[in-house]
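Novice: Provided herewith: run00.pdb, PDB, C-alpha atoms, pLDDT in the B column.
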```
ATOM      1  CA  MET D   1     -15.707 -29.560   3.892  1.00 87.00           C
ATOM      2  CA  LYS D   2     -13.050 -27.130   2.670  1.00 88.00           C
ATOM      3  CA  ASP D   3     -14.769 -24.144   4.306  1.00 90.00           C
ATOM      4  CA  LYS D   4     -14.758 -25.824   7.721  1.00 90.00           C
ATOM      5  CA  LEU D   5     -11.122 -26.791   7.273  1.00 92.00           C
ATOM      6  CA  TYR D   6     -10.252 -23.260   6.231  1.00 93.00           C
ATOM      7  CA  ARG D   7     -12.018 -21.675   9.219  1.00 90.00           C
ATOM      8  CA  LEU D   8     -10.180 -23.987  11.621  1.00 89.00           C
ATOM      9  CA  ALA D   9      -6.830 -23.248   9.973  1.00 90.00           C
ATOM     10  CA  LEU D  10      -7.619 -19.543  10.007  1.00 88.00           C
ATOM     11  CA  ARG D  11      -8.536 -19.648  13.708  1.00 84.00           C
ATOM     12  CA  LEU D  12      -5.209 -21.315  14.520  1.00 83.00           C
ATOM     13  CA  LEU D  13      -2.878 -19.489  12.141  1.00 84.00           C
ATOM     14  CA  LEU D  14      -4.543 -16.066  12.052  1.00 83.00           C
ATOM     15  CA  ASN D  15      -3.410 -15.666   8.446  1.00 86.00           C
ATOM     16  CA  GLY D  16      -5.608 -16.296   5.407  1.00 90.00           C
ATOM     17  CA  HIS D  17      -2.807 -17.217   3.007  1.00 91.00           C
ATOM     18  CA  ASP D  18      -1.240 -19.702   5.415  1.00 90.00           C
ATOM     19  CA  ALA D  19      -4.671 -21.180   6.162  1.00 92.00           C
ATOM     20  CA  GLU D  20      -5.312 -21.683   2.445  1.00 94.00           C
ATOM     21  CA  ASP D  21      -1.903 -23.340   2.059  1.00 93.00           C
ATOM     22  CA  VAL D  22      -2.540 -25.731   4.934  1.00 93.00           C
ATOM     23  CA  VAL D  23      -5.985 -26.704   3.630  1.00 94.00           C
ATOM     24  CA  GLN D  24      -4.593 -27.269   0.142  1.00 94.00           C
ATOM     25  CA  GLU D  25      -1.766 -29.431   1.488  1.00 92.00           C
ATOM     26  CA  VAL D  26      -4.198 -31.507   3.552  1.00 92.00           C
ATOM     27  CA  MET D  27      -6.563 -31.939   0.597  1.00 93.00           C
ATOM     28  CA  ILE D  28      -3.675 -33.113  -1.594  1.00 93.00           C
ATOM     29  CA  ARG D  29      -2.525 -35.588   1.065  1.00 90.00           C
ATOM     30  CA  LEU D  30      -6.112 -36.733   1.518  1.00 90.00           C
ATOM     31  CA  TRP D  31      -6.548 -37.319  -2.196  1.00 90.00           C
ATOM     32  CA  SER D  32      -3.329 -39.302  -2.391  1.00 91.00           C
ATOM     33  CA  ARG D  33      -4.682 -41.578   0.361  1.00 87.00           C
ATOM     34  CA  ARG D  34      -8.168 -42.002  -1.124  1.00 86.00           C
ATOM     35  CA  GLU D  35      -7.835 -45.802  -1.129  1.00 89.00           C
ATOM     36  CA  GLU D  36      -7.809 -45.684   2.698  1.00 85.00           C
ATOM     37  CA  TRP D  37     -10.971 -43.607   3.099  1.00 84.00           C
ATOM     38  CA  GLY D  38     -13.120 -46.663   3.794  1.00 83.00           C
ATOM     39  CA  GLN D  39     -10.950 -47.586   6.777  1.00 85.00           C
ATOM     40  CA  TRP D  40     -11.518 -44.276   8.555  1.00 80.00           C
ATOM     41  CA  GLN D  41     -14.445 -43.867  10.903  1.00 83.00           C
ATOM     42  CA  SER D  42     -15.025 -40.233   9.933  1.00 84.00           C
ATOM     43  CA  LEU D  43     -13.404 -38.595   6.930  1.00 84.00           C
ATOM     44  CA  GLU D  44     -14.347 -35.157   8.268  1.00 86.00           C
ATOM     45  CA  ALA D  45     -12.751 -35.822  11.659  1.00 85.00           C
ATOM     46  CA  TYR D  46      -9.637 -37.127   9.943  1.00 86.00           C
ATOM     47  CA  CYS D  47      -9.387 -33.961   7.834  1.00 88.00           C
ATOM     48  CA  MET D  48      -9.962 -31.657  10.801  1.00 89.00           C
ATOM     49  CA  THR D  49      -7.256 -33.480  12.749  1.00 88.00           C
ATOM     50  CA  ALA D  50      -4.868 -33.249   9.806  1.00 90.00           C
ATOM     51  CA  VAL D  51      -5.502 -29.504   9.469  1.00 92.00           C
ATOM     52  CA  LYS D  52      -5.056 -28.963  13.210  1.00 88.00           C
ATOM     53  CA  ASN D  53      -1.771 -30.880  13.228  1.00 87.00           C
ATOM     54  CA  SER D  54      -0.477 -29.078  10.131  1.00 89.00           C
ATOM     55  CA  CYS D  55      -1.318 -25.717  11.671  1.00 85.00           C
ATOM     56  CA  LEU D  56       0.380 -26.583  14.940  1.00 82.00           C
ATOM     57  CA  ASP D  57       3.472 -27.738  13.039  1.00 80.00           C
ATOM     58  CA  ARG D  58       3.502 -24.494  11.079  1.00 81.00           C
ATOM     59  CA  LEU D  59       3.128 -22.432  14.263  1.00 76.00           C
ATOM     60  CA  ARG D  60       5.955 -24.300  15.944  1.00 68.00           C
ATOM     61  CA  LYS D  61       8.267 -23.767  12.980  1.00 70.00           C
ATOM     62  CA  ARG D  62       7.568 -20.105  12.362  1.00 60.00           C
ATOM     63  CA  GLN D  63       6.260 -18.796  15.687  1.00 44.00           C
ATOM     64  CA  LEU D  64       3.593 -17.153  13.535  1.00 31.00           C
ATOM     65  CA  ARG D  65       1.455 -14.439  15.144  1.00 36.00           C
ATOM     66  CA  SER D  66      -0.294 -12.127  12.707  1.00 34.00           C
ATOM     67  CA  VAL D  67      -3.748 -10.719  12.200  1.00 33.00           C
ATOM     68  CA  GLY D  68      -6.250 -12.311   9.845  1.00 37.00           C
ATOM     69  CA  GLU D  69      -9.718 -13.748   9.629  1.00 39.00           C
ATOM     70  CA  ASP D  70     -11.206 -10.795   7.729  1.00 42.00           C
ATOM     71  CA  GLY D  71     -14.679 -11.706   6.622  1.00 43.00           C
ATOM     72  CA  ALA D  72     -14.785 -15.064   8.394  1.00 42.00           C
ATOM     73  CA  TRP D  73     -18.099 -14.080   9.976  1.00 43.00           C
ATOM     74  CA  ASP D  74     -20.086 -11.563   8.008  1.00 47.00           C
ATOM     75  CA  VAL D  75     -22.093  -9.262  10.234  1.00 47.00           C
ATOM     76  CA  ASN D  76     -23.588  -7.333   7.313  1.00 49.00           C
ATOM     77  CA  SER D  77     -27.284  -7.925   6.912  1.00 50.00           C
ATOM     78  CA  HIS D  78     -29.828  -5.999   4.892  1.00 55.00           C
ATOM     79  CA  ASP D  79     -32.334  -6.498   7.727  1.00 57.00           C
ATOM     80  CA  LYS D  80     -30.361  -4.462  10.265  1.00 64.00           C
ATOM     81  CA  ASP D  81     -30.230  -0.729  10.728  1.00 74.00           C
ATOM     82  CA  PRO D  82     -26.803   0.959  11.080  1.00 82.00           C
ATOM     83  CA  HIS D  83     -26.977   0.940  14.885  1.00 78.00           C
ATOM     84  CA  GLU D  84     -27.715  -2.806  14.996  1.00 80.00           C
ATOM     85  CA  LYS D  85     -24.889  -3.440  12.508  1.00 79.00           C
ATOM     86  CA  MET D  86     -22.486  -1.461  14.685  1.00 81.00           C
ATOM     87  CA  ILE D  87     -23.534  -3.381  17.812  1.00 76.00           C
ATOM     88  CA  ALA D  88     -23.195  -6.718  15.975  1.00 78.00           C
ATOM     89  CA  LYS D  89     -19.758  -5.751  14.695  1.00 80.00           C
ATOM     90  CA  GLU D  90     -18.584  -4.580  18.116  1.00 79.00           C
ATOM     91  CA  THR D  91     -19.869  -7.786  19.719  1.00 76.00           C
ATOM     92  CA  TYR D  92     -18.172  -9.893  17.060  1.00 78.00           C
ATOM     93  CA  MET D  93     -14.891  -8.023  17.513  1.00 81.00           C
ATOM     94  CA  GLN D  94     -15.091  -8.480  21.290  1.00 80.00           C
ATOM     95  CA  ILE D  95     -15.788 -12.214  20.944  1.00 81.00           C
ATOM     96  CA  ARG D  96     -12.954 -12.581  18.442  1.00 80.00           C
ATOM     97  CA  LYS D  97     -10.577 -10.700  20.746  1.00 83.00           C
ATOM     98  CA  CYS D  98     -11.606 -12.922  23.653  1.00 84.00           C
ATOM     99  CA  MET D  99     -11.142 -16.064  21.571  1.00 84.00           C
ATOM    100  CA  ASP D 100      -7.670 -14.918  20.536  1.00 83.00           C
ATOM    101  CA  GLU D 101      -6.712 -14.503  24.204  1.00 87.00           C
ATOM    102  CA  LEU D 102      -7.910 -17.964  25.253  1.00 88.00           C
ATOM    103  CA  PRO D 103      -5.471 -20.841  25.729  1.00 89.00           C
ATOM    104  CA  GLN D 104      -4.995 -22.814  22.518  1.00 84.00           C
ATOM    105  CA  HIS D 105      -7.104 -25.839  23.535  1.00 85.00           C
ATOM    106  CA  GLN D 106      -9.998 -23.578  24.505  1.00 89.00           C
ATOM    107  CA  GLN D 107      -9.688 -21.690  21.218  1.00 87.00           C
ATOM    108  CA  MET D 108      -9.878 -24.904  19.209  1.00 85.00           C
ATOM    109  CA  VAL D 109     -12.753 -26.360  21.236  1.00 89.00           C
ATOM    110  CA  ILE D 110     -14.903 -23.229  20.999  1.00 87.00           C
ATOM    111  CA  GLN D 111     -14.113 -22.840  17.279  1.00 83.00           C
ATOM    112  CA  LEU D 112     -15.143 -26.413  16.549  1.00 82.00           C
ATOM    113  CA  ARG D 113     -18.274 -26.294  18.724  1.00 86.00           C
ATOM    114  CA  GLU D 114     -19.685 -22.800  18.261  1.00 83.00           C
ATOM    115  CA  VAL D 115     -18.476 -21.931  14.775  1.00 77.00           C
ATOM    116  CA  GLU D 116     -18.259 -25.300  13.033  1.00 74.00           C
ATOM    117  CA  GLY D 117     -21.095 -26.987  14.922  1.00 78.00           C
ATOM    118  CA  PHE D 118     -19.228 -30.172  15.835  1.00 81.00           C
ATOM    119  CA  SER D 119     -20.564 -32.496  18.524  1.00 85.00           C
ATOM    120  CA  TYR D 120     -18.602 -33.044  21.722  1.00 90.00           C
ATOM    121  CA  ASN D 121     -17.574 -36.518  20.556  1.00 87.00           C
ATOM    122  CA  GLU D 122     -16.363 -35.192  17.204  1.00 82.00           C
ATOM    123  CA  ILE D 123     -14.329 -32.495  18.955  1.00 86.00           C
ATOM    124  CA  ALA D 124     -12.762 -35.073  21.259  1.00 86.00           C
ATOM    125  CA  GLU D 125     -11.818 -37.201  18.248  1.00 81.00           C
ATOM    126  CA  VAL D 126     -10.422 -34.294  16.221  1.00 81.00           C
ATOM    127  CA  LEU D 127      -8.342 -32.895  19.086  1.00 84.00           C
ATOM    128  CA  GLY D 128      -7.385 -36.249  20.568  1.00 84.00           C
ATOM    129  CA  ILE D 129      -8.677 -35.377  24.038  1.00 89.00           C
ATOM    130  CA  SER D 130     -11.274 -36.903  26.331  1.00 92.00           C
ATOM    131  CA  LEU D 131     -14.932 -35.920  26.308  1.00 92.00           C
ATOM    132  CA  ASP D 132     -14.525 -34.474  29.807  1.00 94.00           C
ATOM    133  CA  GLN D 133     -11.640 -32.291  28.604  1.00 94.00           C
ATOM    134  CA  VAL D 134     -13.824 -31.024  25.754  1.00 93.00           C
ATOM    135  CA  LYS D 135     -16.572 -30.070  28.197  1.00 94.00           C
ATOM    136  CA  VAL D 136     -14.181 -28.395  30.643  1.00 94.00           C
ATOM    137  CA  ASN D 137     -12.408 -26.404  27.918  1.00 93.00           C
ATOM    138  CA  LEU D 138     -15.714 -25.337  26.377  1.00 93.00           C
ATOM    139  CA  PHE D 139     -17.114 -24.306  29.772  1.00 94.00           C
ATOM    140  CA  ARG D 140     -14.016 -22.255  30.602  1.00 93.00           C
ATOM    141  CA  ALA D 141     -13.914 -20.631  27.160  1.00 91.00           C
ATOM    142  CA  ARG D 142     -17.581 -19.664  27.279  1.00 91.00           C
ATOM    143  CA  ASN D 143     -17.194 -18.244  30.782  1.00 92.00           C
ATOM    144  CA  ALA D 144     -14.142 -16.199  29.800  1.00 90.00           C
ATOM    145  CA  ILE D 145     -15.953 -14.765  26.777  1.00 87.00           C
ATOM    146  CA  LYS D 146     -19.112 -14.060  28.793  1.00 87.00           C
ATOM    147  CA  LYS D 147     -17.126 -12.316  31.539  1.00 88.00           C
ATOM    148  CA  SER D 148     -15.260 -10.152  29.038  1.00 84.00           C
ATOM    149  CA  ILE D 149     -18.420  -9.136  27.178  1.00 82.00           C
ATOM    150  CA  THR D 150     -20.247  -8.379  30.423  1.00 84.00           C
ATOM    151  CA  GLN D 151     -17.380  -6.165  31.590  1.00 82.00           C
ATOM    152  CA  THR D 152     -17.266  -4.384  28.242  1.00 76.00           C
ATOM    153  CA  GLU D 153     -21.030  -3.783  28.221  1.00 74.00           C
ATOM    154  CA  SER D 154     -20.855  -2.448  31.784  1.00 77.00           C
ATOM    155  CA  SER D 155     -18.136   0.008  30.831  1.00 75.00           C
ATOM    156  CA  TRP D 156     -20.168   1.116  27.759  1.00 67.00           C
ATOM    157  CA  LYS D 157     -23.199   1.802  29.952  1.00 70.00           C
ATOM    158  CA  GLU D 158     -21.082   3.747  32.441  1.00 71.00           C
ATOM    159  CA  ASP D 159     -19.702   5.911  29.608  1.00 66.00           C
ATOM    160  CA  ARG D 160     -23.197   6.948  28.552  1.00 61.00           C
TER     161      ARG D 160
END
```
Now that the file is in, can you turn its structure into structure tokens?
Specialist:
Amino acid sequence: MKDKLYRLALRLLLNGHDAEDVVQEVMIRLWSRREEWGQWQSLEAYCMTAVKNSCLDRLRKRQLRSVGEDGAWDVNSHDKDPHEKMIAKETYMQIRKCMDELPQHQQMVIQLREVEGFSYNEIAEVLGISLDQVKVNLFRARNAIKKSITQTESSWKEDR
């Protein structure tokens, strides 16, 4: 579960060291409350919520905006030729840039759904929003990313 927690923290904080700190703090708090685990409906959802809240607290306190996430998604594959690797890397960078420009709720929803593989209900529980809000935020985030990539691809084709 630590990898999922780390990726969420990294998505929100944009700093690997701060993300590691948040995950470690949450894991320590979680361990100190291990007697309560049976009372929780979903330990994973509880942890994701705790990480999200810790990250938001940290952002509020420090107004943190830095670059991070190196290596979060590895586009290197032995099966791809250099051209395919370049295209995959460019696409990844464009998606990441788009995600960084989305409103915070949309960023969190798309991170949890597309990267972490959470269900809509799990996302609603983690973020404390309704199922309809999850769907709307995911729809808007996907459309914004699709529009940006389409525009970028069109400009690449025009440059050729």
Novice: Could you tell me how far atom CA of Asp3 of chain D lies from atom CA of Lys52 of chain D, in Å and to one decimal?
Specialist: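 One can read the atom CA of Asp3 of chain D to atom CA of Lys52 of chain D distance as 14.0 Å.
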Novice: Can you spell out as a JSON list (two decimals) with C-alpha atoms, in the coordinates of the input the set of residues that the PyMOL selection byres ((chain D and resi 137) around 10) selects in the structure I just provided?
Specialist:
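Okay, this is what ended up in selection35.json:
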```json
[["chain", "number", "residue", "atom", "x", "y", "z"],
["D", 102, "LEU", "CA", -7.91, -17.96, 25.25],
["D", 103, "PRO", "CA", -5.47, -20.84, 25.73],
["D", 104, "GLN", "CA", -5.00, -22.81, 22.52],
["D", 105, "HIS", "CA", -7.10, -25.84, 23.54],
["D", 106, "GLN", "CA", -10.00, -23.58, 24.50],
["D", 107, "GLN", "CA", -9.69, -21.69, 21.22],
["D", 108, "MET", "CA", -9.88, -24.90, 19.21],
["D", 109, "VAL", "CA", -12.75, -26.36, 21.24],
["D", 110, "ILE", "CA", -14.90, -23.23, 21.00],
["D", 131, "LEU", "CA", -14.93, -35.92, 26.31],
["D", 132, "ASP", "CA", -14.52, -34.47, 29.81],
["D", 133, "GLN", "CA", -11.64, -32.29, 28.60],
["D", 134, "VAL", "CA", -13.82, -31.02, 25.75],
["D", 135, "LYS", "CA", -16.57, -30.07, 28.20],
["D", 136, "VAL", "CA", -14.18, -28.40, 30.64],
["D", 138, "LEU", "CA", -15.71, -25.34, 26.38],
["D", 139, "PHE", "CA", -17.11, -24.31, 29.77],
["D", 140, "ARG", "CA", -14.02, -22.26, 30.60],
["D", 141, "ALA", "CA", -13.91, -20.63, 27.16],
["D", 142, "ARG", "CA", -17.58, -19.66, 27.28],
["D", 143, "ASN", "CA", -17.19, -18.24, 30.78]]
```
Novice: Between D:Ser42, D:Asn15, D:Gln94, D:Ser54, which is the closest to Glu153 of chain D once you count only C-alpha atoms?
Specialist: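 Closest candidate: D:Gln94.
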Novice: Rounded to one decimal, what separation in Å do you get between atom CA of Ala124 of chain D and atom CA of Thr150 of chain D?
Specialist: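 Separating atom CA of Ala124 of chain D from atom CA of Thr150 of chain D is a distance of 29.2 Å.
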Novice: What does the distance between atom CA of Lys157 of chain D and atom CA of Lys97 of chain D come to in Å, to one decimal place?
Specialist: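 Answer for the atom CA of Lys157 of chain D to atom CA of Lys97 of chain D separation: 20.0 Å.
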Novice: Applied to this file, what does the PyMOL selection byres ((chain D and resi 22) around 8) return in terms of residues, put as a VMD selection string?
Specialist: chain D and resid 9 18 to 21 23 to 26 51 54 to 55
Novice: Please list as a ChimeraX atom specification every residue within 12 Å of Gln41 of chain D, counting only C-alpha atoms and excluding residues in the same chain fewer than 4 positions away.
Specialist: /D:36-37,45-47,122,125-126
Novice: Tell me which of D:Tyr92, D:Arg34, D:Leu112, D:Pro82 sits closest to Met48 of chain D, counting only C-alpha atoms.
Specialist: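 Smallest separation from Met48 of chain D among the options: D:Leu112.
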Novice: Using only C-alpha atoms, which of the listed residues (D:Lys61, D:Glu116, D:Ile28, D:Glu101) sits closest to Tyr6 of chain D?
Specialist: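 Residue with the minimum atom-to-atom distance to Tyr6 of chain D: D:Glu116.
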Novice: Could you list, as a tab-separated table (two decimals) with C-alpha atoms, in the frame of the given file, every residue within 12 Å of Thr152 of chain D, counting only C-alpha atoms and ignoring same-chain residues fewer than 2 positions away?
Specialist:
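Once written, selection23.tsv looks like this:
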```tsv
chain	number	residue	atom	x	y	z
D	90	GLU	CA	-18.58	-4.58	18.12
D	91	THR	CA	-19.87	-7.79	19.72
D	93	MET	CA	-14.89	-8.02	17.51
D	94	GLN	CA	-15.09	-8.48	21.29
D	95	ILE	CA	-15.79	-12.21	20.94
D	97	LYS	CA	-10.58	-10.70	20.75
D	98	CYS	CA	-11.61	-12.92	23.65
D	145	ILE	CA	-15.95	-14.76	26.78
D	146	LYS	CA	-19.11	-14.06	28.79
D	147	LYS	CA	-17.13	-12.32	31.54
D	148	SER	CA	-15.26	-10.15	29.04
D	149	ILE	CA	-18.42	-9.14	27.18
D	150	THR	CA	-20.25	-8.38	30.42
D	154	SER	CA	-20.86	-2.45	31.78
D	155	SER	CA	-18.14	0.01	30.83
D	156	TRP	CA	-20.17	1.12	27.76
D	157	LYS	CA	-23.20	1.80	29.95
D	158	GLU	CA	-21.08	3.75	32.44
D	159	ASP	CA	-19.70	5.91	29.61
```
